[in-house]
>>> print(open('work.pdb').read())   # PDB, C-alpha atoms, pLDDT in the B column
ATOM      1  CA  MET Z   1       0.000   0.000   0.000  1.00 44.00           C
ATOM      2  CA  SER Z   2       1.495   3.339  -1.051  1.00 47.00           C
ATOM      3  CA  LEU Z   3       1.036   6.623   0.784  1.00 48.00           C
ATOM      4  CA  ASN Z   4      -0.608   8.103  -2.287  1.00 53.00           C
ATOM      5  CA  SER Z   5      -3.435   5.578  -1.995  1.00 53.00           C
ATOM      6  CA  ILE Z   6      -4.584   7.024   1.325  1.00 54.00           C
ATOM      7  CA  GLY Z   7      -8.006   8.637   1.010  1.00 51.00           C
ATOM      8  CA  ARG Z   8     -10.162  10.161   3.689  1.00 53.00           C
ATOM      9  CA  LYS Z   9     -13.388   8.155   3.264  1.00 58.00           C
ATOM     10  CA  LYS Z  10     -11.670   4.860   2.570  1.00 72.00           C
ATOM     11  CA  PHE Z  11      -9.348   4.925   5.552  1.00 79.00           C
ATOM     12  CA  ARG Z  12     -11.491   6.563   8.232  1.00 82.00           C
ATOM     13  CA  PRO Z  13     -13.195   3.256   9.243  1.00 85.00           C
ATOM     14  CA  VAL Z  14      -9.755   1.589   9.457  1.00 87.00           C
ATOM     15  CA  ILE Z  15      -8.430   4.388  11.653  1.00 88.00           C
ATOM     16  CA  ARG Z  16     -11.514   4.302  13.888  1.00 87.00           C
ATOM     17  CA  ARG Z  17     -11.100   0.537  14.422  1.00 87.00           C
ATOM     18  CA  TRP Z  18      -7.413   1.060  15.246  1.00 90.00           C
ATOM     19  CA  ARG Z  19      -8.248   3.898  17.648  1.00 88.00           C
ATOM     20  CA  ASN Z  20     -11.021   1.909  19.325  1.00 87.00           C
ATOM     21  CA  GLN Z  21      -8.614  -0.696  20.695  1.00 88.00           C
ATOM     22  CA  TRP Z  22      -8.185   1.860  23.508  1.00 86.00           C
ATOM     23  CA  VAL Z  23     -11.893   2.649  23.797  1.00 78.00           C
ATOM     24  CA  ASP Z  24     -11.776   1.873  27.537  1.00 75.00           C
ATOM     25  CA  ARG Z  25      -9.115   4.598  27.873  1.00 80.00           C
ATOM     26  CA  PRO Z  26     -10.584   7.471  25.830  1.00 78.00           C
ATOM     27  CA  ARG Z  27      -7.808   9.960  26.551  1.00 75.00           C
ATOM     28  CA  THR Z  28      -5.187   7.432  25.414  1.00 83.00           C
ATOM     29  CA  ALA Z  29      -7.255   6.712  22.287  1.00 84.00           C
ATOM     30  CA  ASP Z  30      -7.524  10.402  21.452  1.00 83.00           C
ATOM     31  CA  TYR Z  31      -3.798  10.937  22.022  1.00 84.00           C
ATOM     32  CA  ALA Z  32      -2.985   8.048  19.651  1.00 87.00           C
ATOM     33  CA  LEU Z  33      -5.270   9.587  17.021  1.00 87.00           C
ATOM     34  CA  GLN Z  34      -3.629  12.978  17.536  1.00 85.00           C
ATOM     35  CA  VAL Z  35      -0.125  11.567  17.005  1.00 88.00           C
ATOM     36  CA  LEU Z  36      -1.215   9.674  13.872  1.00 87.00           C
ATOM     37  CA  SER Z  37      -2.869  12.834  12.538  1.00 85.00           C
ATOM     38  CA  ARG Z  38       0.357  14.806  13.027  1.00 84.00           C
ATOM     39  CA  VAL Z  39       2.386  12.164  11.178  1.00 86.00           C
ATOM     40  CA  ILE Z  40      -0.018  12.157   8.219  1.00 84.00           C
ATOM     41  CA  ALA Z  41      -0.176  15.975   8.259  1.00 82.00           C
ATOM     42  CA  HIS Z  42       3.591  16.023   7.827  1.00 82.00           C
ATOM     43  CA  ALA Z  43       3.229  13.658   4.865  1.00 82.00           C
ATOM     44  CA  VAL Z  44       0.619  16.027   3.396  1.00 79.00           C
ATOM     45  CA  GLU Z  45       3.060  18.943   3.714  1.00 80.00           C
ATOM     46  CA  LEU Z  46       5.700  16.912   1.863  1.00 81.00           C
ATOM     47  CA  GLY Z  47       3.214  16.142  -0.910  1.00 79.00           C
ATOM     48  CA  LYS Z  48       3.236  12.416  -0.175  1.00 79.00           C
ATOM     49  CA  VAL Z  49      -0.478  12.272   0.737  1.00 77.00           C
ATOM     50  CA  ALA Z  50      -3.391  14.185  -0.758  1.00 75.00           C
ATOM     51  CA  GLY Z  51      -5.419  14.533   2.439  1.00 77.00           C
ATOM     52  CA  ASN Z  52      -5.540  13.652   6.129  1.00 81.00           C
ATOM     53  CA  PRO Z  53      -8.151  10.925   6.848  1.00 82.00           C
ATOM     54  CA  CYS Z  54      -7.914  11.663  10.596  1.00 82.00           C
ATOM     55  CA  GLU Z  55      -9.617  15.011  10.099  1.00 76.00           C
ATOM     56  CA  GLY Z  56     -13.268  14.919  11.135  1.00 74.00           C
ATOM     57  CA  ILE Z  57     -12.955  11.878  13.405  1.00 80.00           C
ATOM     58  CA  LYS Z  58     -14.510  12.887  16.728  1.00 77.00           C
ATOM     59  CA  HIS Z  59     -12.609  12.400  19.963  1.00 76.00           C
ATOM     60  CA  LEU Z  60     -13.836   9.889  22.522  1.00 75.00           C
ATOM     61  CA  TYR Z  61     -12.856  11.857  25.595  1.00 67.00           C
ATOM     62  CA  ASN Z  62     -15.458  14.393  26.659  1.00 58.00           C
ATOM     63  CA  ASN Z  63     -13.954  17.217  28.662  1.00 54.00           C
ATOM     64  CA  ASN Z  64     -15.542  20.623  29.240  1.00 51.00           C
ATOM     65  CA  ARG Z  65     -12.098  22.158  29.906  1.00 53.00           C
ATOM     66  CA  SER Z  66     -13.558  23.708  33.070  1.00 45.00           C
ATOM     67  CA  GLU Z  67     -11.203  26.354  34.508  1.00 53.00           C
ATOM     68  CA  ILE Z  68      -8.286  25.042  32.426  1.00 69.00           C
ATOM     69  CA  ILE Z  69      -5.927  27.763  31.235  1.00 78.00           C
ATOM     70  CA  TRP Z  70      -2.216  28.183  30.673  1.00 88.00           C
ATOM     71  CA  THR Z  71      -0.810  30.055  33.639  1.00 85.00           C
ATOM     72  CA  ASP Z  72       2.241  32.307  33.328  1.00 87.00           C
ATOM     73  CA  ALA Z  73       4.251  29.525  34.992  1.00 90.00           C
ATOM     74  CA  ASP Z  74       3.027  26.969  32.418  1.00 93.00           C
ATOM     75  CA  ILE Z  75       3.991  29.264  29.554  1.00 95.00           C
ATOM     76  CA  ALA Z  76       7.408  29.967  31.060  1.00 96.00           C
ATOM     77  CA  HIS Z  77       7.983  26.231  31.530  1.00 96.00           C
ATOM     78  CA  ILE Z  78       7.385  25.233  27.906  1.00 97.00           C
ATOM     79  CA  GLN Z  79       9.355  28.238  26.656  1.00 97.00           C
ATOM     80  CA  LYS Z  80      12.440  27.018  28.507  1.00 96.00           C
ATOM     81  CA  THR Z  81      12.876  24.151  26.054  1.00 96.00           C
ATOM     82  CA  CYS Z  82      10.918  25.080  22.913  1.00 96.00           C
ATOM     83  CA  SER Z  83      12.362  26.963  19.944  1.00 96.00           C
ATOM     84  CA  ALA Z  84      12.090  30.735  19.709  1.00 96.00           C
ATOM     85  CA  ASP Z  85       9.582  30.575  16.831  1.00 96.00           C
ATOM     86  CA  ILE Z  86       7.226  28.323  18.837  1.00 97.00           C
ATOM     87  CA  ALA Z  87       7.625  30.534  21.910  1.00 97.00           C
ATOM     88  CA  LEU Z  88       6.483  33.543  19.864  1.00 97.00           C
ATOM     89  CA  VAL Z  89       3.332  31.746  18.702  1.00 97.00           C
ATOM     90  CA  VAL Z  90       2.514  30.807  22.315  1.00 97.00           C
ATOM     91  CA  ASP Z  91       3.022  34.418  23.433  1.00 97.00           C
ATOM     92  CA  PHE Z  92       0.973  35.772  20.535  1.00 97.00           C
ATOM     93  CA  ALA Z  93      -1.902  33.403  21.351  1.00 96.00           C
ATOM     94  CA  ALA Z  94      -1.848  34.292  25.060  1.00 94.00           C
ATOM     95  CA  HIS Z  95      -1.870  38.018  24.245  1.00 94.00           C
ATOM     96  CA  THR Z  96      -4.578  37.967  21.563  1.00 94.00           C
ATOM     97  CA  GLY Z  97      -6.879  35.001  22.191  1.00 90.00           C
ATOM     98  CA  LEU Z  98      -6.975  34.189  18.471  1.00 92.00           C
ATOM     99  CA  ARG Z  99      -7.600  30.670  17.233  1.00 90.00           C
ATOM    100  CA  LEU Z 100      -4.646  28.826  15.741  1.00 93.00           C
ATOM    101  CA  GLY Z 101      -6.019  29.115  12.198  1.00 92.00           C
ATOM    102  CA  ASP Z 102      -6.304  32.894  12.568  1.00 94.00           C
ATOM    103  CA  LEU Z 103      -2.935  33.199  14.313  1.00 95.00           C
ATOM    104  CA  VAL Z 104      -0.972  31.572  11.502  1.00 95.00           C
ATOM    105  CA  ARG Z 105      -2.620  33.693   8.792  1.00 95.00           C
ATOM    106  CA  ALA Z 106      -2.446  37.011  10.687  1.00 97.00           C
ATOM    107  CA  SER Z 107      -0.288  39.361   8.623  1.00 97.00           C
ATOM    108  CA  TRP Z 108       1.526  42.605   9.283  1.00 98.00           C
ATOM    109  CA  SER Z 109      -1.097  44.345   7.155  1.00 97.00           C
ATOM    110  CA  HIS Z 110      -3.715  43.458   9.786  1.00 97.00           C
ATOM    111  CA  ILE Z 111      -1.956  45.709  12.295  1.00 97.00           C
ATOM    112  CA  GLY Z 112      -3.387  49.226  12.437  1.00 95.00           C
ATOM    113  CA  ASP Z 113      -2.497  52.207  14.566  1.00 94.00           C
ATOM    114  CA  ASP Z 114      -4.536  51.049  17.540  1.00 93.00           C
ATOM    115  CA  ALA Z 115      -5.510  47.408  16.963  1.00 93.00           C
ATOM    116  CA  ILE Z 116      -5.011  44.151  15.111  1.00 95.00           C
ATOM    117  CA  VAL Z 117      -8.118  43.675  12.975  1.00 94.00           C
ATOM    118  CA  LEU Z 118      -8.830  40.508  10.992  1.00 94.00           C
ATOM    119  CA  THR Z 119     -11.819  38.413  10.031  1.00 92.00           C
ATOM    120  CA  THR Z 120     -12.126  35.081  11.817  1.00 89.00           C
ATOM    121  CA  GLY Z 121     -12.121  31.720  10.100  1.00 86.00           C
ATOM    122  CA  LYS Z 122     -14.600  30.327  12.628  1.00 79.00           C
ATOM    123  CA  SER Z 123     -17.233  32.798  11.418  1.00 79.00           C
ATOM    124  CA  LYS Z 124     -16.363  32.115   7.769  1.00 84.00           C
ATOM    125  CA  HIS Z 125     -14.894  35.629   7.756  1.00 85.00           C
ATOM    126  CA  ARG Z 126     -18.207  37.314   8.553  1.00 85.00           C
ATOM    127  CA  ARG Z 127     -16.954  38.699  11.878  1.00 86.00           C
ATOM    128  CA  GLU Z 128     -13.840  40.608  12.885  1.00 89.00           C
ATOM    129  CA  ALA Z 129     -11.547  40.167  15.859  1.00 89.00           C
ATOM    130  CA  ILE Z 130     -10.336  43.570  17.065  1.00 90.00           C
ATOM    131  CA  ILE Z 131      -7.372  43.199  19.428  1.00 92.00           C
ATOM    132  CA  PRO Z 132      -6.312  46.516  21.029  1.00 90.00           C
ATOM    133  CA  LEU Z 133      -2.589  47.229  20.787  1.00 91.00           C
ATOM    134  CA  TYR Z 134      -1.929  47.458  24.508  1.00 89.00           C
ATOM    135  CA  GLY Z 135       1.604  47.849  25.847  1.00 88.00           C
ATOM    136  CA  ALA Z 136       2.520  44.188  26.311  1.00 90.00           C
ATOM    137  CA  LEU Z 137       1.212  43.280  22.849  1.00 93.00           C
ATOM    138  CA  ARG Z 138       3.132  46.142  21.214  1.00 94.00           C
ATOM    139  CA  ASP Z 139       6.293  44.963  22.976  1.00 95.00           C
ATOM    140  CA  LEU Z 140       5.712  41.422  21.720  1.00 96.00           C
ATOM    141  CA  LEU Z 141       5.182  42.561  18.128  1.00 97.00           C
ATOM    142  CA  ALA Z 142       8.386  44.592  18.327  1.00 97.00           C
ATOM    143  CA  ARG Z 143      10.292  41.386  19.200  1.00 95.00           C
ATOM    144  CA  ILE Z 144       8.930  39.407  16.253  1.00 96.00           C
ATOM    145  CA  PRO Z 145      11.251  39.510  13.207  1.00 94.00           C
ATOM    146  CA  LYS Z 146       9.579  40.493   9.933  1.00 95.00           C
ATOM    147  CA  ARG Z 147      10.489  37.550   7.736  1.00 94.00           C
ATOM    148  CA  ALA Z 148       7.296  37.144   5.691  1.00 96.00           C
ATOM    149  CA  THR Z 149       3.948  38.799   5.046  1.00 97.00           C
ATOM    150  CA  THR Z 150       2.552  36.814   7.984  1.00 97.00           C
ATOM    151  CA  ILE Z 151       3.440  37.872  11.505  1.00 98.00           C
ATOM    152  CA  LEU Z 152       4.449  34.384  12.621  1.00 97.00           C
ATOM    153  CA  THR Z 153       6.963  32.197  10.803  1.00 96.00           C
ATOM    154  CA  SER Z 154       8.724  28.910  11.406  1.00 94.00           C
ATOM    155  CA  SER Z 155      12.453  28.474  11.873  1.00 90.00           C
ATOM    156  CA  ARG Z 156      12.664  28.165   8.072  1.00 91.00           C
ATOM    157  CA  CYS Z 157      11.330  31.744   7.801  1.00 93.00           C
ATOM    158  CA  ARG Z 158       8.148  30.467   6.181  1.00 94.00           C
ATOM    159  CA  PRO Z 159       4.545  31.041   7.287  1.00 95.00           C
ATOM    160  CA  TRP Z 160       3.220  28.369   9.628  1.00 95.00           C
ATOM    161  CA  THR Z 161       0.378  26.044   8.674  1.00 92.00           C
ATOM    162  CA  ALA Z 162      -2.037  24.995  11.407  1.00 91.00           C
ATOM    163  CA  ASP Z 163      -1.075  21.321  11.018  1.00 88.00           C
ATOM    164  CA  GLY Z 164       2.628  22.096  10.829  1.00 90.00           C
ATOM    165  CA  PHE Z 165       2.567  24.159  13.986  1.00 94.00           C
ATOM    166  CA  GLY Z 166       0.355  21.620  15.761  1.00 90.00           C
ATOM    167  CA  SER Z 167       2.922  18.908  15.120  1.00 89.00           C
ATOM    168  CA  SER Z 168       5.793  21.107  16.350  1.00 93.00           C
ATOM    169  CA  PHE Z 169       3.835  22.248  19.396  1.00 94.00           C
ATOM    170  CA  ASN Z 170       3.002  18.673  20.365  1.00 90.00           C
ATOM    171  CA  LYS Z 171       6.717  17.786  20.217  1.00 92.00           C
ATOM    172  CA  ALA Z 172       7.533  20.890  22.275  1.00 94.00           C
ATOM    173  CA  LYS Z 173       5.138  19.725  25.001  1.00 93.00           C
ATOM    174  CA  ILE Z 174       6.831  16.330  25.062  1.00 91.00           C
ATOM    175  CA  ASP Z 175      10.306  17.898  25.206  1.00 93.00           C
ATOM    176  CA  ALA Z 176       9.163  20.085  28.109  1.00 95.00           C
ATOM    177  CA  GLY Z 177       7.880  17.054  30.011  1.00 92.00           C
ATOM    178  CA  MET Z 178       4.299  18.310  29.715  1.00 92.00           C
ATOM    179  CA  SER Z 179       2.773  15.566  27.567  1.00 82.00           C
ATOM    180  CA  ASP Z 180       0.743  14.272  30.511  1.00 78.00           C
ATOM    181  CA  ARG Z 181      -0.611  17.754  31.336  1.00 80.00           C
ATOM    182  CA  ASP Z 182      -4.192  18.349  30.254  1.00 77.00           C
ATOM    183  CA  LEU Z 183      -3.327  21.577  28.471  1.00 86.00           C
ATOM    184  CA  HIS Z 184      -4.281  22.161  24.859  1.00 87.00           C
ATOM    185  CA  PHE Z 185      -2.987  24.945  22.636  1.00 91.00           C
ATOM    186  CA  ASN Z 186      -6.479  26.412  22.364  1.00 86.00           C
ATOM    187  CA  ASP Z 187      -6.566  26.801  26.145  1.00 86.00           C
ATOM    188  CA  LEU Z 188      -4.385  29.850  25.512  1.00 90.00           C
ATOM    189  CA  ARG Z 189      -7.567  31.533  24.233  1.00 86.00           C
ATOM    190  CA  GLY Z 190      -8.991  31.211  27.710  1.00 81.00           C
ATOM    191  CA  THR Z 191      -5.745  32.611  29.097  1.00 85.00           C
ATOM    192  CA  ALA Z 192      -6.172  35.735  26.963  1.00 88.00           C
ATOM    193  CA  ALA Z 193      -9.875  36.107  27.771  1.00 86.00           C
ATOM    194  CA  THR Z 194      -9.117  35.762  31.474  1.00 81.00           C
ATOM    195  CA  LYS Z 195      -6.347  38.374  31.258  1.00 81.00           C
ATOM    196  CA  PHE Z 196      -8.772  40.789  29.571  1.00 86.00           C
ATOM    197  CA  TYR Z 197     -11.408  40.074  32.230  1.00 83.00           C
ATOM    198  CA  ILE Z 198      -8.999  40.603  35.128  1.00 77.00           C
ATOM    199  CA  ALA Z 199      -7.795  43.806  33.440  1.00 77.00           C
ATOM    200  CA  GLY Z 200     -11.327  45.158  33.736  1.00 78.00           C
ATOM    201  CA  PHE Z 201     -12.812  44.428  30.296  1.00 85.00           C
ATOM    202  CA  SER Z 202     -16.579  43.978  30.380  1.00 85.00           C
ATOM    203  CA  MET Z 203     -18.159  40.876  28.840  1.00 85.00           C
ATOM    204  CA  ARG Z 204     -19.227  43.006  25.879  1.00 87.00           C
ATOM    205  CA  GLU Z 205     -15.713  44.381  25.378  1.00 89.00           C
ATOM    206  CA  ILE Z 206     -14.204  40.887  25.429  1.00 87.00           C
ATOM    207  CA  ALA Z 207     -16.853  39.747  22.931  1.00 85.00           C
ATOM    208  CA  GLU Z 208     -16.009  42.627  20.583  1.00 84.00           C
ATOM    209  CA  THR Z 209     -12.288  42.028  20.993  1.00 85.00           C
ATOM    210  CA  LEU Z 210     -12.353  38.287  20.273  1.00 81.00           C
ATOM    211  CA  ALA Z 211     -15.351  38.265  17.869  1.00 80.00           C
ATOM    212  CA  TRP Z 212     -17.412  36.083  20.202  1.00 77.00           C
ATOM    213  CA  GLU Z 213     -21.071  36.274  21.194  1.00 79.00           C
ATOM    214  CA  GLU Z 214     -21.515  37.905  24.593  1.00 81.00           C
ATOM    215  CA  GLU Z 215     -23.210  34.765  25.929  1.00 80.00           C
ATOM    216  CA  SER Z 216     -20.224  32.741  24.784  1.00 74.00           C
ATOM    217  CA  VAL Z 217     -17.881  35.095  26.639  1.00 77.00           C
ATOM    218  CA  GLU Z 218     -19.755  34.502  29.888  1.00 79.00           C
ATOM    219  CA  LYS Z 219     -19.470  30.749  29.363  1.00 73.00           C
ATOM    220  CA  ILE Z 220     -15.785  31.008  28.452  1.00 70.00           C
ATOM    221  CA  ILE Z 221     -15.028  33.072  31.552  1.00 75.00           C
ATOM    222  CA  ARG Z 222     -16.830  30.540  33.733  1.00 72.00           C
ATOM    223  CA  ARG Z 223     -15.053  27.652  32.015  1.00 64.00           C
ATOM    224  CA  TYR Z 224     -11.582  29.106  31.764  1.00 60.00           C
ATOM    225  CA  GLY Z 225     -11.395  31.837  34.345  1.00 56.00           C
ATOM    226  CA  GLY Z 226     -14.013  30.646  36.762  1.00 55.00           C
ATOM    227  CA  ARG Z 227     -14.048  31.778  40.351  1.00 55.00           C
ATOM    228  CA  THR Z 228     -10.353  32.687  40.480  1.00 59.00           C
ATOM    229  CA  ALA Z 229     -10.607  35.269  37.688  1.00 59.00           C
ATOM    230  CA  ALA Z 230     -13.784  36.749  39.157  1.00 60.00           C
ATOM    231  CA  ILE Z 231     -12.192  37.133  42.590  1.00 61.00           C
ATOM    232  CA  LYS Z 232      -9.053  38.750  41.150  1.00 63.00           C
ATOM    233  CA  ALA Z 233     -11.194  41.153  39.109  1.00 61.00           C
ATOM    234  CA  ARG Z 234     -13.149  42.176  42.214  1.00 63.00           C
ATOM    235  CA  ILE Z 235      -9.957  42.644  44.226  1.00 66.00           C
ATOM    236  CA  LYS Z 236      -8.580  44.904  41.493  1.00 65.00           C
ATOM    237  CA  LYS Z 237     -11.746  47.007  41.515  1.00 64.00           C
ATOM    238  CA  LEU Z 238     -11.702  47.282  45.323  1.00 69.00           C
ATOM    239  CA  GLU Z 239      -8.068  48.339  45.321  1.00 71.00           C
ATOM    240  CA  ALA Z 240      -8.758  50.929  42.627  1.00 70.00           C
ATOM    241  CA  GLU Z 241     -11.640  52.377  44.647  1.00 68.00           C
ATOM    242  CA  ARG Z 242      -9.512  52.480  47.782  1.00 62.00           C
TER     243      ARG Z 242
END
>>> encode(input="work.pdb", output="structure tokens")
Amino acid sequence: MSLNSIGRKKFRPVIRRWRNQWVDRPRTADYALQVLSRVIAHAVELGKVAGNPCEGIKHLYNNNRSEIIWTDADIAHIQKTCSADIALVVDFAAHTGLRLGDLVRASWSHIGDDAIVLTTGKSKHRREAIIPLYGALRDLLARIPKRATTILTSSRCRPWTADGFGSSFNKAKIDAGMSDRDLHFNDLRGTAATKFYIAGFSMREIAETLAWEEESVEKIIRRYGGRTAAIKARIKKLEAER
């Protein structure tokens, strides 16, 4: 069987049967599927395979990600061992709250005088994310070398693809000894939303910033920030009043 013969519809049942040998350990099953997907994604990038049959296969493990975010300590830990280009993507995600697909396509032309403005892939480009250029974000952008039209690039000075970065990020977690930590890259979105909330942004302001529905922001804050973020926000307000 050659790699070129791999097709999505034909091989999905085979992959599901392979994955289901760990059906009694859903997190293990999902991790095995994730690793296989990264391997095939790399083959797609090399032109060896036309498509990734792992895409669209639902995970077995059901987790609401309640109050799971990357803390500053978590970010510092992975950045000790990961490459500089991966560290910049992690920082950019934690400062903007953008999804990976939007992060890797964000270009220097999206940066205005006061904000980063780009349409979101999740909304099929019907909505805009408007990220204010606050001090820490401006400092981060100043540290990023301009090597392509996109803001973020790999060590080869080429724009990242979502699959390519996902594979590199997964390896970075393993190298940092964090493979057993229940932290996903997208949990950095909750980190950003929580930072905005603690900084005093209203639910509406966070919704406008990240191109979310206001109801979704409330759910995200409860899921990612939870009680800790709410308490810190109230403490900040009390200290400001005092």
>>> resolve_selection(input="work.pdb", expression="the PyMOL selection byres ((chain Z and resi 142-147) around 9)", output="PyMOL selection string")
chain Z and resi 85+88+108+137-141+148-153+157-159
>>> residues_near_point(input="work.pdb", point="(0.5, 9.9, 12.2)", cutoff="12 Å", atoms="all atoms listed in the file", output="ChimeraX atom specification")
/Z:3,15,19,31-44,49,52-55,163,167
>>> resolve_selection(input="work.pdb", expression="the PyMOL selection byres ((chain Z and resi 166) around 12)", output="PyMOL selection string")
chain Z and resi 34-35+37-39+41-42+86+89-90+100-101+104+154+160-165+167-173+184-186
>>> axis_aligned_box(input="work.pdb", around="segment 200-215 of chain Z", padding_each_side="3 Å", output="JSON")
{"center_x": -17.3, "center_y": 40.0, "center_z": 25.8, "size_x": 17.9, "size_y": 16.4, "size_z": 21.9}
>>> atom_distance(input="work.pdb", atom1="atom CA of Leu133 of chain Z", atom2="atom CA of Lys80 of chain Z")
26.3 Å
>>> atom_distance(input="work.pdb", atom1="atom CA of His59 of chain Z", atom2="atom CA of Gly190 of chain Z")
20.7 Å
>>> residues_around(input="work.pdb", residues="segment 118-132 of chain Z", least_positions_apart="4", cutoff="10 Å", atoms="only C-alpha atoms", output="list of chain:residue names")
Z:His95, Z:Thr96, Z:Gly97, Z:Leu98, Z:Arg99, Z:Leu100, Z:Gly101, Z:Asp102, Z:Leu103, Z:Arg105, Z:Ala106, Z:Ser107, Z:Ser109, Z:His110, Z:Ile111, Z:Gly112, Z:Asp113, Z:Asp114, Z:Leu137, Z:Arg138, Z:Glu205, Z:Ile206, Z:Ala207, Z:Glu208, Z:Thr209, Z:Leu210, Z:Ala211, Z:Trp212
>>> closest_residue(input="work.pdb", among="Z:Ala50, Z:Ile174, Z:Ala199, Z:Ile78", to="Tyr134 of chain Z", atoms="all atoms listed in the file")
Z:Ala199
>>> closest_residue(input="work.pdb", among="Z:Ala136, Z:Ala193, Z:Ile75, Z:Val117", to="Met178 of chain Z", atoms="all atoms listed in the file")
Z:Ile75
>>> atom_distance(input="work.pdb", atom1="atom CA of Asp74 of chain Z", atom2="atom CA of Arg181 of chain Z")
10.0 Å
>>> closest_residue(input="work.pdb", among="Z:Arg27, Z:Trp70, Z:Glu218, Z:Ile57", to="Ala192 of chain Z", atoms="all atoms listed in the file")
Z:Trp70
>>> decode(input="work.pdb", residues="segment 166-183 of chain Z", atoms="N, CA and C atoms", output="PDB file, in the first residue's frame")
ATOM      1  N   GLY Z 166       0.898  22.580  14.794  1.00  0.00           N
ATOM      2  CA  GLY Z 166       0.355  21.620  15.761  1.00  0.00           C
ATOM      3  C   GLY Z 166       1.315  20.484  16.034  1.00  0.00           C
ATOM      4  N   SER Z 167       1.954  19.982  14.970  1.00  0.00           N
ATOM      5  CA  SER Z 167       2.922  18.908  15.120  1.00  0.00           C
ATOM      6  C   SER Z 167       4.130  19.373  15.930  1.00  0.00           C
ATOM      7  N   SER Z 168       4.628  20.573  15.633  1.00  0.00           N
ATOM      8  CA  SER Z 168       5.793  21.107  16.350  1.00  0.00           C
ATOM      9  C   SER Z 168       5.451  21.409  17.809  1.00  0.00           C
ATOM     10  N   PHE Z 169       4.247  21.914  18.038  1.00  0.00           N
ATOM     11  CA  PHE Z 169       3.835  22.248  19.396  1.00  0.00           C
ATOM     12  C   PHE Z 169       3.691  20.979  20.240  1.00  0.00           C
ATOM     13  N   ASN Z 170       3.154  19.931  19.645  1.00  0.00           N
ATOM     14  CA  ASN Z 170       3.002  18.673  20.365  1.00  0.00           C
ATOM     15  C   ASN Z 170       4.363  18.132  20.778  1.00  0.00           C
ATOM     16  N   LYS Z 171       5.353  18.227  19.898  1.00  0.00           N
ATOM     17  CA  LYS Z 171       6.717  17.786  20.217  1.00  0.00           C
ATOM     18  C   LYS Z 171       7.310  18.666  21.320  1.00  0.00           C
ATOM     19  N   ALA Z 172       7.011  19.967  21.264  1.00  0.00           N
ATOM     20  CA  ALA Z 172       7.533  20.890  22.275  1.00  0.00           C
ATOM     21  C   ALA Z 172       6.990  20.540  23.658  1.00  0.00           C
ATOM     22  N   LYS Z 173       5.720  20.138  23.718  1.00  0.00           N
ATOM     23  CA  LYS Z 173       5.138  19.725  25.001  1.00  0.00           C
ATOM     24  C   LYS Z 173       5.836  18.487  25.538  1.00  0.00           C
ATOM     25  N   ILE Z 174       6.134  17.561  24.648  1.00  0.00           N
ATOM     26  CA  ILE Z 174       6.831  16.330  25.062  1.00  0.00           C
ATOM     27  C   ILE Z 174       8.229  16.667  25.564  1.00  0.00           C
ATOM     28  N   ASP Z 175       8.946  17.511  24.821  1.00  0.00           N
ATOM     29  CA  ASP Z 175      10.306  17.898  25.206  1.00  0.00           C
ATOM     30  C   ASP Z 175      10.322  18.630  26.551  1.00  0.00           C
ATOM     31  N   ALA Z 176       9.239  19.338  26.858  1.00  0.00           N
ATOM     32  CA  ALA Z 176       9.163  20.085  28.109  1.00  0.00           C
ATOM     33  C   ALA Z 176       8.662  19.231  29.259  1.00  0.00           C
ATOM     34  N   GLY Z 177       8.389  17.949  28.977  1.00  0.00           N
ATOM     35  CA  GLY Z 177       7.880  17.054  30.011  1.00  0.00           C
ATOM     36  C   GLY Z 177       6.449  17.372  30.397  1.00  0.00           C
ATOM     37  N   MET Z 178       5.675  17.903  29.432  1.00  0.00           N
ATOM     38  CA  MET Z 178       4.299  18.310  29.715  1.00  0.00           C
ATOM     39  C   MET Z 178       3.274  17.483  28.948  1.00  0.00           C
ATOM     40  N   SER Z 179       3.686  16.357  28.386  1.00  0.00           N
ATOM     41  CA  SER Z 179       2.773  15.566  27.567  1.00  0.00           C
ATOM     42  C   SER Z 179       1.615  14.992  28.367  1.00  0.00           C
ATOM     43  N   ASP Z 180       1.818  14.819  29.681  1.00  0.00           N
ATOM     44  CA  ASP Z 180       0.743  14.272  30.511  1.00  0.00           C
ATOM     45  C   ASP Z 180      -0.136  15.368  31.111  1.00  0.00           C
ATOM     46  N   ARG Z 181       0.190  16.637  30.825  1.00  0.00           N
ATOM     47  CA  ARG Z 181      -0.611  17.754  31.336  1.00  0.00           C
ATOM     48  C   ARG Z 181      -1.814  17.975  30.432  1.00  0.00           C
ATOM     49  N   ASP Z 182      -2.969  18.156  31.032  1.00  0.00           N
ATOM     50  CA  ASP Z 182      -4.192  18.349  30.254  1.00  0.00           C
ATOM     51  C   ASP Z 182      -4.304  19.805  29.816  1.00  0.00           C
ATOM     52  N   LEU Z 183      -3.350  20.223  28.998  1.00  0.00           N
ATOM     53  CA  LEU Z 183      -3.327  21.577  28.471  1.00  0.00           C
ATOM     54  C   LEU Z 183      -3.277  21.511  26.953  1.00  0.00           C
TER      55      LEU Z 183
END
